[in-house]
>>> print(open('target-v3.csv').read())   # CSV, C-alpha atoms and all ligand atoms
chain,number,residue,atom,x,y,z
A,1,MET,CA,11.5,-40.4,202.3
A,2,ALA,CA,8.6,-39.8,199.9
A,3,LEU,CA,9.6,-43.0,198.0
A,4,ARG,CA,9.5,-45.1,201.3
A,5,VAL,CA,5.9,-43.7,202.0
A,6,LEU,CA,4.8,-44.6,198.4
A,7,GLN,CA,6.3,-48.1,198.7
A,8,LYS,CA,4.6,-48.7,202.0
A,9,ARG,CA,1.3,-47.5,200.6
A,10,SER,CA,1.6,-49.8,197.5
A,11,ALA,CA,2.5,-52.8,199.7
A,12,LEU,CA,-0.6,-52.1,201.9
A,13,LEU,CA,-2.8,-51.8,198.7
A,14,ALA,CA,-1.4,-55.1,197.4
A,15,GLU,CA,-2.1,-56.8,200.8
A,16,ARG,CA,-5.7,-55.4,200.8
A,17,SER,CA,-6.3,-56.8,197.3
A,18,ARG,CA,-5.1,-60.2,198.4
A,19,GLU,CA,-7.5,-60.0,201.5
A,20,LEU,CA,-10.3,-59.2,199.1
A,21,GLY,CA,-9.4,-62.2,197.0
A,22,GLU,CA,-8.6,-60.2,193.9
A,23,ALA,CA,-6.4,-61.9,191.5
A,24,ARG,CA,-3.2,-60.2,190.3
A,25,LEU,CA,-3.5,-59.3,186.6
A,26,VAL,CA,-1.0,-60.3,183.9
A,27,VAL,CA,-1.8,-58.7,180.6
A,28,GLY,CA,-0.8,-59.9,177.1
A,29,ALA,CA,-1.0,-58.3,173.7
A,30,ALA,CA,-2.5,-59.9,170.6
A,31,ILE,CA,-0.6,-57.8,168.1
A,32,VAL,CA,-2.0,-58.3,164.6
A,33,ARG,CA,-0.5,-57.1,161.3
A,34,SER,CA,-1.5,-58.2,157.8
A,35,GLY,CA,-3.6,-61.1,159.2
A,36,ARG,CA,-0.8,-62.5,161.3
A,37,LEU,CA,-0.3,-62.6,165.1
A,38,LEU,CA,3.0,-61.8,166.8
A,39,ALA,CA,4.2,-64.4,169.3
A,40,GLN,CA,7.5,-64.6,171.2
A,41,GLN,CA,9.5,-67.6,172.4
A,42,ARG,CA,10.4,-67.7,176.1
A,43,SER,CA,14.0,-68.3,177.1
A,44,TYR,CA,13.2,-68.8,180.9
A,45,PRO,CA,12.4,-70.5,183.3
A,46,GLU,CA,13.8,-73.8,182.1
A,47,SER,CA,10.3,-75.4,182.3
A,48,HIS,CA,8.9,-73.0,179.8
A,49,ALA,CA,12.0,-72.2,177.7
A,50,GLY,CA,11.2,-72.8,174.0
A,51,GLN,CA,7.4,-72.3,174.4
A,52,TRP,CA,5.6,-69.4,172.8
A,53,GLU,CA,3.5,-66.7,174.4
A,54,LEU,CA,1.9,-63.3,173.7
A,55,PRO,CA,4.0,-60.4,174.8
A,56,GLY,CA,3.1,-59.0,178.2
A,57,GLY,CA,3.6,-59.3,181.9
A,58,ARG,CA,2.4,-58.3,185.4
A,59,VAL,CA,0.4,-55.1,186.0
A,60,GLU,CA,2.3,-53.1,188.6
A,61,ASP,CA,0.6,-51.4,191.6
A,62,GLY,CA,-1.0,-48.2,190.5
A,63,GLU,CA,-0.8,-49.0,186.8
A,64,LYS,CA,-3.8,-49.4,184.4
A,65,PRO,CA,-3.8,-52.7,182.5
A,66,GLU,CA,-3.5,-50.9,179.2
A,67,GLU,CA,-0.5,-48.8,180.5
A,68,ALA,CA,1.2,-52.0,181.7
A,69,LEU,CA,0.8,-53.5,178.2
A,70,VAL,CA,2.3,-50.5,176.5
A,71,ARG,CA,5.3,-50.6,178.9
A,72,GLU,CA,5.8,-54.4,178.5
A,73,CYS,CA,5.8,-54.1,174.7
A,74,VAL,CA,8.5,-51.4,174.8
A,75,GLU,CA,10.6,-53.5,177.3
A,76,GLU,CA,10.2,-56.9,175.5
A,77,LEU,CA,9.9,-55.8,171.8
A,78,GLY,CA,11.1,-52.2,171.6
A,79,VAL,CA,7.9,-51.1,170.0
A,80,SER,CA,4.9,-48.8,170.8
A,81,VAL,CA,1.5,-50.4,170.6
A,82,VAL,CA,-2.1,-49.1,170.5
A,83,VAL,CA,-4.3,-51.2,172.8
A,84,GLY,CA,-7.8,-52.2,171.8
A,85,GLU,CA,-10.5,-54.5,173.2
A,86,GLN,CA,-10.1,-57.6,175.4
A,87,VAL,CA,-9.8,-60.8,173.4
A,88,GLY,CA,-11.4,-64.0,174.9
A,89,PRO,CA,-11.9,-64.6,178.6
A,90,ASP,CA,-9.6,-64.0,181.6
A,91,VAL,CA,-7.6,-67.2,182.0
A,92,PRO,CA,-6.5,-68.2,185.5
A,93,LEU,CA,-2.7,-68.7,186.0
A,94,ARG,CA,-1.0,-70.4,188.9
A,95,LYS,CA,-1.4,-68.8,192.3
A,96,ASP,CA,-3.6,-65.7,192.5
A,97,MET,CA,-3.0,-64.5,188.9
A,98,VAL,CA,-5.1,-64.2,185.8
A,99,LEU,CA,-4.1,-63.6,182.2
A,100,ARG,CA,-6.0,-61.0,180.2
A,101,ILE,CA,-5.3,-60.4,176.5
A,102,PHE,CA,-6.0,-57.3,174.6
A,103,ALA,CA,-6.0,-56.8,170.8
A,104,ALA,CA,-3.2,-54.4,169.8
A,105,GLU,CA,-1.6,-52.8,166.8
A,106,LEU,CA,1.9,-51.4,166.2
A,107,ALA,CA,1.7,-47.6,166.5
A,108,GLU,CA,1.9,-46.3,162.9
A,109,LEU,CA,4.2,-43.4,163.5
A,110,ASP,CA,6.7,-45.6,165.2
A,111,GLY,CA,7.8,-47.8,162.2
A,112,ASP,CA,10.1,-50.0,164.4
A,113,GLU,CA,10.1,-53.8,163.8
A,114,PRO,CA,9.5,-55.8,167.0
A,115,GLU,CA,12.7,-57.5,168.2
A,116,ALA,CA,13.2,-60.2,170.8
A,117,LEU,CA,14.9,-58.1,173.5
A,118,GLU,CA,14.2,-60.5,176.4
A,119,HIS,CA,13.1,-63.6,174.5
A,120,ASN,CA,14.7,-66.2,172.1
A,121,ALA,CA,12.7,-65.1,169.1
A,122,VAL,CA,9.6,-63.4,167.7
A,123,ARG,CA,7.4,-64.7,164.9
A,124,TRP,CA,4.3,-63.6,163.0
A,125,LEU,CA,1.9,-66.6,163.0
A,126,THR,CA,-0.9,-67.3,160.5
A,127,ALA,CA,-4.3,-68.5,161.8
A,128,ALA,CA,-3.4,-72.1,160.6
A,129,GLU,CA,-0.2,-72.0,162.7
A,130,LEU,CA,-1.9,-71.1,165.9
A,131,PRO,CA,-3.1,-74.6,166.9
A,132,VAL,CA,0.2,-76.3,166.1
A,133,THR,CA,2.3,-73.8,168.0
A,134,ASP,CA,3.8,-74.9,171.4
A,135,TRP,CA,2.1,-72.3,173.6
A,136,LEU,CA,2.4,-71.7,177.3
A,137,PRO,CA,-0.7,-73.4,178.9
A,138,ALA,CA,-2.8,-70.2,179.5
A,139,ASP,CA,-2.1,-68.8,176.1
A,140,ARG,CA,-3.1,-72.1,174.5
A,141,VAL,CA,-6.6,-71.7,176.1
A,142,LEU,CA,-7.0,-68.5,174.1
A,143,VAL,CA,-6.2,-70.0,170.7
A,144,PRO,CA,-9.8,-70.2,169.5
A,145,ALA,CA,-10.4,-66.5,170.4
A,146,LEU,CA,-7.1,-65.6,168.7
A,147,GLN,CA,-8.1,-67.5,165.5
A,148,GLU,CA,-11.4,-65.6,165.5
A,149,LEU,CA,-9.4,-62.3,165.8
A,150,LEU,CA,-7.3,-63.2,162.7
A,151,ASN,CA,-10.3,-64.5,160.6
B,1,LIG,O1,6.5,-62.3,182.0
B,1,LIG,P1,6.2,-62.4,183.5
B,1,LIG,O2,7.1,-63.3,184.3
B,1,LIG,O3,5.9,-61.1,184.2
B,1,LIG,O4,4.7,-63.1,183.6
B,1,LIG,C1,4.1,-63.4,184.8
B,1,LIG,C2,3.5,-64.8,184.7
B,1,LIG,O5,2.5,-64.8,183.6
B,1,LIG,C3,4.4,-65.9,184.3
B,1,LIG,O6,4.1,-67.0,185.1
B,1,LIG,C4,4.2,-66.2,182.9
B,1,LIG,O7,4.4,-67.6,182.6
B,1,LIG,C5,2.7,-65.9,182.7
B,1,LIG,N1,2.4,-65.4,181.4
B,1,LIG,C6,1.6,-66.3,180.5
B,1,LIG,N2,1.3,-65.8,179.3
B,1,LIG,C7,1.7,-64.7,178.8
B,1,LIG,C8,2.5,-63.8,179.6
B,1,LIG,C9,2.8,-64.2,180.9
B,1,LIG,O8,1.2,-67.3,181.0
B,1,LIG,N3,1.4,-64.3,177.6
>>> encode(input="target-v3.csv", output="structure tokens", more="lines below")
Ligand code: C5P
Amino acid sequence: MALRVLQKRSALLAERSRELGEARLVVGAAIVRSGRLLAQQRSYPESHAGQWELPGGRVEDGEKPEEALVRECVEELGVSVVVGEQVGPDVPLRKDMVLRIFAAELAELDGDEPEALEHNAVRWLTAAELPVTDWLPADRVLVPALQELLN
């Protein structure tokens, strides 16, 4: 019963946000280690399979952007991250969504290596590799900001 009430409340909040014209947030992590940036290769949908993106995903109702990013990195990579400042501008995605990237580091105590749990592969890219990587369109817009983060 309590769950039904919460679900209804969250649907109403989402509807109100759409009425107010607020875009739904997708967050991504710019995880840097030893001067390299972690990227992951999508396996779906077919139109984007093989392209690279920063780890992340949709912020759920009631979640803070930073919390969503920590959750997504556990789900997609099996690692804990410490979230820092926003990198570059918000980038509009299709429909009512925007992509917001935050700098992040692997949590030191953790010690786990990131693994592609939901993707084809993960790679640590150098600054020189960023412009020649086949990024998803919104992530590509952020390449200059990501290069600056690495340099
Ligand atoms: O991963 P998920 O399907 O939750 O992402 C929601 C949307 O955000 C998708 O359309 C995906 O292509 C986009 N996205 C993106 N760049 C990222 C992460 C997600 O363009 N780094």
>>> closest_residue(input="target-v3.csv", among="A:Gly50, A:Gly56, A:Pro131, A:Gly62", to="ligand LIG 1 (chain B)", atoms="all atoms listed in the file")
A:Gly56
>>> closest_atom_pairs(input="target-v3.csv", of="chain A", to="ligand LIG 1 (chain B)", cutoff="8 Å", atoms="all atoms listed in the file", output="Markdown table")
| residue | atom | partner | partner_atom | distance |
| --- | --- | --- | --- | --- |
| A:Val26 | CA | B:LIG1 | O5 | 5.7 |
| A:Val27 | CA | B:LIG1 | C8 | 6.7 |
| A:Gly28 | CA | B:LIG1 | N3 | 4.9 |
| A:Ala29 | CA | B:LIG1 | N3 | 7.5 |
| A:His48 | CA | B:LIG1 | O7 | 7.6 |
| A:Glu53 | CA | B:LIG1 | N3 | 4.5 |
| A:Leu54 | CA | B:LIG1 | N3 | 4.1 |
| A:Pro55 | CA | B:LIG1 | N3 | 5.5 |
| A:Gly56 | CA | B:LIG1 | C8 | 5.0 |
| A:Gly57 | CA | B:LIG1 | O3 | 3.7 |
| A:Arg58 | CA | B:LIG1 | O3 | 4.6 |
| A:Leu93 | CA | B:LIG1 | O8 | 6.5 |
| A:Arg94 | CA | B:LIG1 | O6 | 7.2 |
| A:Met97 | CA | B:LIG1 | O5 | 7.6 |
| A:Val98 | CA | B:LIG1 | O5 | 7.9 |
| A:Leu99 | CA | B:LIG1 | N2 | 6.5 |
| A:Ile101 | CA | B:LIG1 | N3 | 7.8 |
| A:Leu136 | CA | B:LIG1 | O8 | 5.9 |
| A:Pro137 | CA | B:LIG1 | O8 | 6.7 |
| A:Ala138 | CA | B:LIG1 | O8 | 5.2 |
| A:Asp139 | CA | B:LIG1 | N2 | 5.5 |
>>> closest_residue(input="target-v3.csv", among="A:Ala39, A:Gly84, A:Ala23, A:Gly78", to="A:Val143", atoms="only C-alpha atoms")
A:Ala39
>>> closest_residue(input="target-v3.csv", among="A:Val32, A:Leu77, A:Leu106, A:Ala121", to="A:Gln147", atoms="all atoms listed in the file")
A:Val32
>>> residues_near_point(input="target-v3.csv", point="(-9.5, -59.7, 169.7)", cutoff="8 Å", atoms="only C-alpha atoms", output="list in words")
Ala30, Gly84, Glu85, Gln86, Val87, Gly88, Phe102, Ala103, Ala145, Leu146, Glu148 and Leu149 of chain A
>>> atom_distance(input="target-v3.csv", atom1="atom CA of A:Val82", atom2="atom CA of A:Thr126")
20.8 Å
>>> residues_around(input="target-v3.csv", residues="A:Ala128", least_positions_apart="5", cutoff="10 Å", atoms="only C-alpha atoms", output="NGL selection string")
:A and (36 or 133 or 147 or 150)
>>> atom_distance(input="target-v3.csv", atom1="atom CA of A:Arg100", atom2="atom CA of A:Ser80")
18.9 Å
>>> closest_residue(input="target-v3.csv", among="A:Pro144, A:Asn151, A:Val132, A:Pro114", to="A:Gln51", atoms="only C-alpha atoms")
A:Val132
>>> closest_residue(input="target-v3.csv", among="A:Ala127, A:Leu38, A:Val79, A:Leu142", to="A:Ala107", atoms="all atoms listed in the file")
A:Val79
>>> atom_distance(input="target-v3.csv", atom1="atom CA of A:Ser43", atom2="atom CA of A:Asn120")
5.5 Å
>>> closest_residue(input="target-v3.csv", among="A:Arg71, A:Pro92, A:Tyr44, A:Leu37", to="A:Leu130", atoms="only C-alpha atoms")
A:Leu37
